[in-house]
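*Asks:* Coordinates in input.pdb, PDB, N, CA and C atoms, are listed below.
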ATOM      1  N   MET A   1      -8.318  12.598   5.477
ATOM      2  CA  MET A   1      -8.553  12.319   4.084
ATOM      3  C   MET A   1      -9.985  12.719   3.732
ATOM      4  N   ARG A   2     -10.136  13.218   2.547
ATOM      5  CA  ARG A   2     -11.448  13.674   2.101
ATOM      6  C   ARG A   2     -12.332  12.497   1.688
ATOM      7  N   PRO A   3     -13.648  12.661   1.760
ATOM      8  CA  PRO A   3     -14.553  11.598   1.285
ATOM      9  C   PRO A   3     -14.367  11.347  -0.210
ATOM     10  N   ALA A   4     -14.657  10.141  -0.663
ATOM     11  CA  ALA A   4     -14.405   9.740  -2.046
ATOM     12  C   ALA A   4     -15.137  10.615  -3.058
ATOM     13  N   GLN A   5     -16.343  11.028  -2.782
ATOM     14  CA  GLN A   5     -17.116  11.785  -3.749
ATOM     15  C   GLN A   5     -16.617  13.223  -3.907
ATOM     16  N   ARG A   6     -15.695  13.668  -3.066
ATOM     17  CA  ARG A   6     -15.224  15.042  -3.138
ATOM     18  C   ARG A   6     -13.852  15.159  -3.789
ATOM     19  N   TYR A   7     -13.303  14.075  -4.343
ATOM     20  CA  TYR A   7     -12.016  14.135  -5.009
ATOM     21  C   TYR A   7     -12.151  14.958  -6.291
ATOM     22  N   THR A   8     -11.137  15.768  -6.560
ATOM     23  CA  THR A   8     -11.137  16.545  -7.791
ATOM     24  C   THR A   8     -10.730  15.656  -8.958
ATOM     25  N   LYS A   9     -10.984  16.132 -10.143
ATOM     26  CA  LYS A   9     -10.653  15.370 -11.345
ATOM     27  C   LYS A   9      -9.136  15.147 -11.428
ATOM     28  N   LYS A  10      -8.377  16.178 -11.092
ATOM     29  CA  LYS A  10      -6.917  16.077 -11.127
ATOM     30  C   LYS A  10      -6.430  15.022 -10.130
ATOM     31  N   PHE A  11      -6.987  15.012  -8.921
ATOM     32  CA  PHE A  11      -6.607  14.032  -7.904
ATOM     33  C   PHE A  11      -6.916  12.617  -8.391
ATOM     34  N   LYS A  12      -8.082  12.429  -8.986
ATOM     35  CA  LYS A  12      -8.467  11.099  -9.476
ATOM     36  C   LYS A  12      -7.542  10.627 -10.575
ATOM     37  N   GLU A  13      -7.116  11.535 -11.443
ATOM     38  CA  GLU A  13      -6.197  11.159 -12.517
ATOM     39  C   GLU A  13      -4.836  10.768 -11.964
ATOM     40  N   GLU A  14      -4.350  11.511 -10.976
ATOM     41  CA  GLU A  14      -3.044  11.224 -10.397
ATOM     42  C   GLU A  14      -3.043   9.927  -9.582
ATOM     43  N   TRP A  15      -4.131   9.646  -8.898
ATOM     44  CA  TRP A  15      -4.207   8.497  -8.009
ATOM     45  C   TRP A  15      -5.042   7.347  -8.569
ATOM     46  N   ALA A  16      -5.271   7.311  -9.860
ATOM     47  CA  ALA A  16      -6.135   6.294 -10.483
ATOM     48  C   ALA A  16      -5.679   4.870 -10.169
ATOM     49  N   PHE A  17      -4.383   4.653 -10.053
ATOM     50  CA  PHE A  17      -3.857   3.316  -9.783
ATOM     51  C   PHE A  17      -4.195   2.843  -8.370
ATOM     52  N   PHE A  18      -4.499   3.771  -7.462
ATOM     53  CA  PHE A  18      -4.792   3.442  -6.070
ATOM     54  C   PHE A  18      -6.287   3.430  -5.762
ATOM     55  N   LEU A  19      -7.117   3.935  -6.650
ATOM     56  CA  LEU A  19      -8.552   4.012  -6.376
ATOM     57  C   LEU A  19      -9.242   2.694  -6.721
ATOM     58  N   ASN A  20     -10.086   2.211  -5.813
ATOM     59  CA  ASN A  20     -10.833   0.983  -6.085
ATOM     60  C   ASN A  20     -12.136   1.318  -6.805
ATOM     61  N   LYS A  21     -13.014   0.341  -6.984
ATOM     62  CA  LYS A  21     -14.261   0.554  -7.718
ATOM     63  C   LYS A  21     -15.171   1.588  -7.066
ATOM     64  N   CYS A  22     -15.079   1.689  -5.754
ATOM     65  CA  CYS A  22     -15.915   2.650  -5.017
ATOM     66  C   CYS A  22     -15.323   4.055  -5.015
ATOM     67  N   GLY A  23     -14.110   4.215  -5.531
ATOM     68  CA  GLY A  23     -13.470   5.517  -5.560
ATOM     69  C   GLY A  23     -12.679   5.837  -4.308
ATOM     70  N   LYS A  24     -12.409   4.829  -3.490
ATOM     71  CA  LYS A  24     -11.642   5.040  -2.264
ATOM     72  C   LYS A  24     -10.205   4.586  -2.476
ATOM     73  N   LEU A  25      -9.269   5.237  -1.779
ATOM     74  CA  LEU A  25      -7.873   4.838  -1.854
ATOM     75  C   LEU A  25      -7.702   3.476  -1.199
ATOM     76  N   GLU A  26      -6.982   2.599  -1.882
ATOM     77  CA  GLU A  26      -6.747   1.263  -1.339
ATOM     78  C   GLU A  26      -5.302   0.875  -1.601
ATOM     79  N   TYR A  27      -4.661   0.337  -0.573
ATOM     80  CA  TYR A  27      -3.272  -0.061  -0.662
ATOM     81  C   TYR A  27      -3.153  -1.580  -0.628
ATOM     82  N   ALA A  28      -1.965  -2.087  -0.947
ATOM     83  CA  ALA A  28      -1.700  -3.523  -0.897
ATOM     84  C   ALA A  28      -1.900  -4.029   0.532
ATOM     85  N   ALA A  29      -2.236  -5.299   0.662
ATOM     86  CA  ALA A  29      -2.534  -5.875   1.976
ATOM     87  C   ALA A  29      -1.364  -5.711   2.942
ATOM     88  N   LYS A  30      -0.139  -5.874   2.463
ATOM     89  CA  LYS A  30       1.028  -5.754   3.332
ATOM     90  C   LYS A  30       1.280  -4.304   3.730
ATOM     91  N   CYS A  31       0.788  -3.363   2.944
ATOM     92  CA  CYS A  31       1.027  -1.935   3.206
ATOM     93  C   CYS A  31      -0.014  -1.314   4.127
ATOM     94  N   LYS A  32      -1.155  -1.936   4.276
ATOM     95  CA  LYS A  32      -2.243  -1.322   5.040
ATOM     96  C   LYS A  32      -1.859  -1.008   6.474
ATOM     97  N   LEU A  33      -1.139  -1.896   7.125
ATOM     98  CA  LEU A  33      -0.785  -1.708   8.528
ATOM     99  C   LEU A  33       0.623  -1.161   8.723
ATOM    100  N   CYS A  34       1.325  -0.937   7.639
ATOM    101  CA  CYS A  34       2.701  -0.452   7.719
ATOM    102  C   CYS A  34       2.724   1.024   8.097
ATOM    103  N   GLU A  35       3.687   1.410   8.915
ATOM    104  CA  GLU A  35       3.775   2.791   9.378
ATOM    105  C   GLU A  35       4.536   3.696   8.414
ATOM    106  N   HIS A  36       5.218   3.132   7.435
ATOM    107  CA  HIS A  36       6.037   3.909   6.511
ATOM    108  C   HIS A  36       5.192   4.505   5.385
ATOM    109  N   ASP A  37       5.736   5.521   4.717
ATOM    110  CA  ASP A  37       5.008   6.231   3.662
ATOM    111  C   ASP A  37       5.130   5.586   2.282
ATOM    112  N   CYS A  38       5.860   4.520   2.162
ATOM    113  CA  CYS A  38       6.091   3.902   0.852
ATOM    114  C   CYS A  38       4.965   2.928   0.498
ATOM    115  N   LYS A  39       3.743   3.393   0.480
ATOM    116  CA  LYS A  39       2.578   2.541   0.197
ATOM    117  C   LYS A  39       2.521   2.177  -1.281
ATOM    118  N   GLN A  40       2.035   0.969  -1.575
ATOM    119  CA  GLN A  40       1.880   0.514  -2.944
ATOM    120  C   GLN A  40       0.422   0.174  -3.203
ATOM    121  N   SER A  41       0.047   0.239  -4.457
ATOM    122  CA  SER A  41      -1.332   0.017  -4.856
ATOM    123  C   SER A  41      -1.751  -1.440  -4.671
ATOM    124  N   PHE A  42      -3.034  -1.644  -4.455
ATOM    125  CA  PHE A  42      -3.570  -2.999  -4.359
ATOM    126  C   PHE A  42      -3.512  -3.693  -5.717
ATOM    127  N   ARG A  43      -3.316  -2.942  -6.777
ATOM    128  CA  ARG A  43      -3.231  -3.520  -8.126
ATOM    129  C   ARG A  43      -1.853  -4.082  -8.435
ATOM    130  N   ALA A  44      -0.845  -3.751  -7.657
ATOM    131  CA  ALA A  44       0.520  -4.206  -7.908
ATOM    132  C   ALA A  44       0.612  -5.712  -7.707
ATOM    133  N   VAL A  45       1.196  -6.392  -8.675
ATOM    134  CA  VAL A  45       1.347  -7.840  -8.588
ATOM    135  C   VAL A  45       2.634  -8.178  -7.840
ATOM    136  N   VAL A  46       3.729  -7.587  -8.258
ATOM    137  CA  VAL A  46       5.007  -7.813  -7.606
ATOM    138  C   VAL A  46       5.263  -6.630  -6.695
ATOM    139  N   MET A  47       5.490  -6.923  -5.429
ATOM    140  CA  MET A  47       5.677  -5.858  -4.460
ATOM    141  C   MET A  47       7.089  -5.910  -3.903
ATOM    142  N   TYR A  48       7.756  -4.774  -3.891
ATOM    143  CA  TYR A  48       9.085  -4.675  -3.301
ATOM    144  C   TYR A  48       9.028  -3.663  -2.172
ATOM    145  N   CYS A  49       9.340  -4.107  -0.990
ATOM    146  CA  CYS A  49       9.349  -3.215   0.161
ATOM    147  C   CYS A  49      10.541  -3.578   1.043
ATOM    148  N   PRO A  50      11.535  -2.704   1.122
ATOM    149  CA  PRO A  50      12.708  -3.025   1.949
ATOM    150  C   PRO A  50      12.362  -3.171   3.430
ATOM    151  N   HIS A  51      11.353  -2.448   3.899
ATOM    152  CA  HIS A  51      10.957  -2.551   5.304
ATOM    153  C   HIS A  51      10.350  -3.923   5.589
ATOM    154  N   TYR A  52       9.512  -4.411   4.692
ATOM    155  CA  TYR A  52       8.884  -5.716   4.868
ATOM    156  C   TYR A  52       9.929  -6.825   4.778
ATOM    157  N   LEU A  53      10.851  -6.713   3.816
ATOM    158  CA  LEU A  53      11.884  -7.731   3.667
ATOM    159  C   LEU A  53      12.763  -7.797   4.911
ATOM    160  N   TYR A  54      13.048  -6.665   5.509
ATOM    161  CA  TYR A  54      13.864  -6.640   6.717
ATOM    162  C   TYR A  54      13.153  -7.344   7.871
ATOM    163  N   LYS A  55      11.861  -7.076   8.042
ATOM    164  CA  LYS A  55      11.087  -7.717   9.105
ATOM    165  C   LYS A  55      11.016  -9.218   8.877
ATOM    166  N   ASP A  56      10.802  -9.618   7.618
ATOM    167  CA  ASP A  56      10.687 -11.029   7.282
ATOM    168  C   ASP A  56      12.015 -11.743   7.548
ATOM    169  N   ARG A  57      13.114 -11.106   7.215
ATOM    170  CA  ARG A  57      14.428 -11.688   7.428
ATOM    171  C   ARG A  57      14.679 -11.885   8.925
ATOM    172  N   LYS A  58      14.293 -10.909   9.752
ATOM    173  CA  LYS A  58      14.477 -11.027  11.198
ATOM    174  C   LYS A  58      13.660 -12.190  11.752
ATOM    175  N   ARG A  59      12.445 -12.377  11.254
ATOM    176  CA  ARG A  59      11.598 -13.485  11.731
ATOM    177  C   ARG A  59      12.232 -14.832  11.388
ATOM    178  N   LYS A  60      12.770 -14.953  10.171
ATOM    179  CA  LYS A  60      13.395 -16.207   9.760
ATOM    180  C   LYS A  60      14.623 -16.510  10.608
ATOM    181  N   GLU A  61      15.420 -15.481  10.904
ATOM    182  CA  GLU A  61      16.606 -15.685  11.734
ATOM    183  C   GLU A  61      16.230 -16.116  13.149
ATOM    184  N   GLU A  62      15.156 -15.532  13.696
ATOM    185  CA  GLU A  62      14.715 -15.894  15.038
ATOM    186  C   GLU A  62      14.173 -17.320  15.090
ATOM    187  N   SER A  63      13.511 -17.750  14.026
ATOM    188  CA  SER A  63      12.934 -19.094  14.016
ATOM    189  C   SER A  63      14.032 -20.166  13.877
ATOM    190  N   LYS A  64      15.181 -19.805  13.285
ATOM    191  CA  LYS A  64      16.280 -20.753  13.154
ATOM    192  C   LYS A  64      16.985 -21.006  14.479
ATOM    193  N   LYS A  65      16.933 -20.018  15.371
ATOM    194  CA  LYS A  65      17.641 -20.142  16.662
ATOM    195  C   LYS A  65      16.955 -21.060  17.613
TER     196      LYS A  65
END
Represent the structure from my file as structure tokens, please.
*Replies:*
Amino acid sequence: MRPAQRYTKKFKEEWAFFLNKCGKLEYAAKCKLCEHDCKQSFRAVVMYCPHYLYKDRKRKEESKK
């Protein structure tokens, strides 16, 4: 990934929802460590991720046993 100060104007416009105050790309806390490409912005209030829901469901099932 390129340094924040080298982003083009077009890139900044397209990714404005993901850029933080410093101009760096930032993802939601649950997405930071996820291996999948379906990253969501840190600005998103409601997050839907089928991969996360699947993992959470497996944990709940294991804790019931």
*Asks:* Quick one, how far is CA of Thr8 (chain A) from CA of Tyr27 (chain A)?
*Replies:*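 Separating CA of Thr8 (chain A) from CA of Tyr27 (chain A) is a distance of 19.7 Å.
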*Asks:* Would you mind reading off the distance between CA of Tyr7 (chain A) and CA of Ser41 (chain A), one decimal, in Å?
*Replies:*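 Going from CA of Tyr7 (chain A) over to CA of Ser41 (chain A), I get 17.7 Å.
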*Asks:* Name the residues in contact with region 9-18 of chain A at a cut-off of 8 Å, using only N, CA and C atoms, excluding same-chain residues fewer than 3 positions from it; report them as a list of chain:residue names.
*Replies:* A:Arg6, A:Lys21, A:Gly23, A:Lys24, A:Leu25, A:Glu26, A:Tyr27, A:Gln40, A:Ser41, A:Phe42, A:Arg43, A:Ala44
*Asks:* So the first atom is CA of Cys31 (chain A) and the second is atom N of Cys49 (chain A); what is the distance between them in Å, to one decimal place?
*Replies:*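 Rounded to one decimal, the two atoms are 9.6 Å apart.
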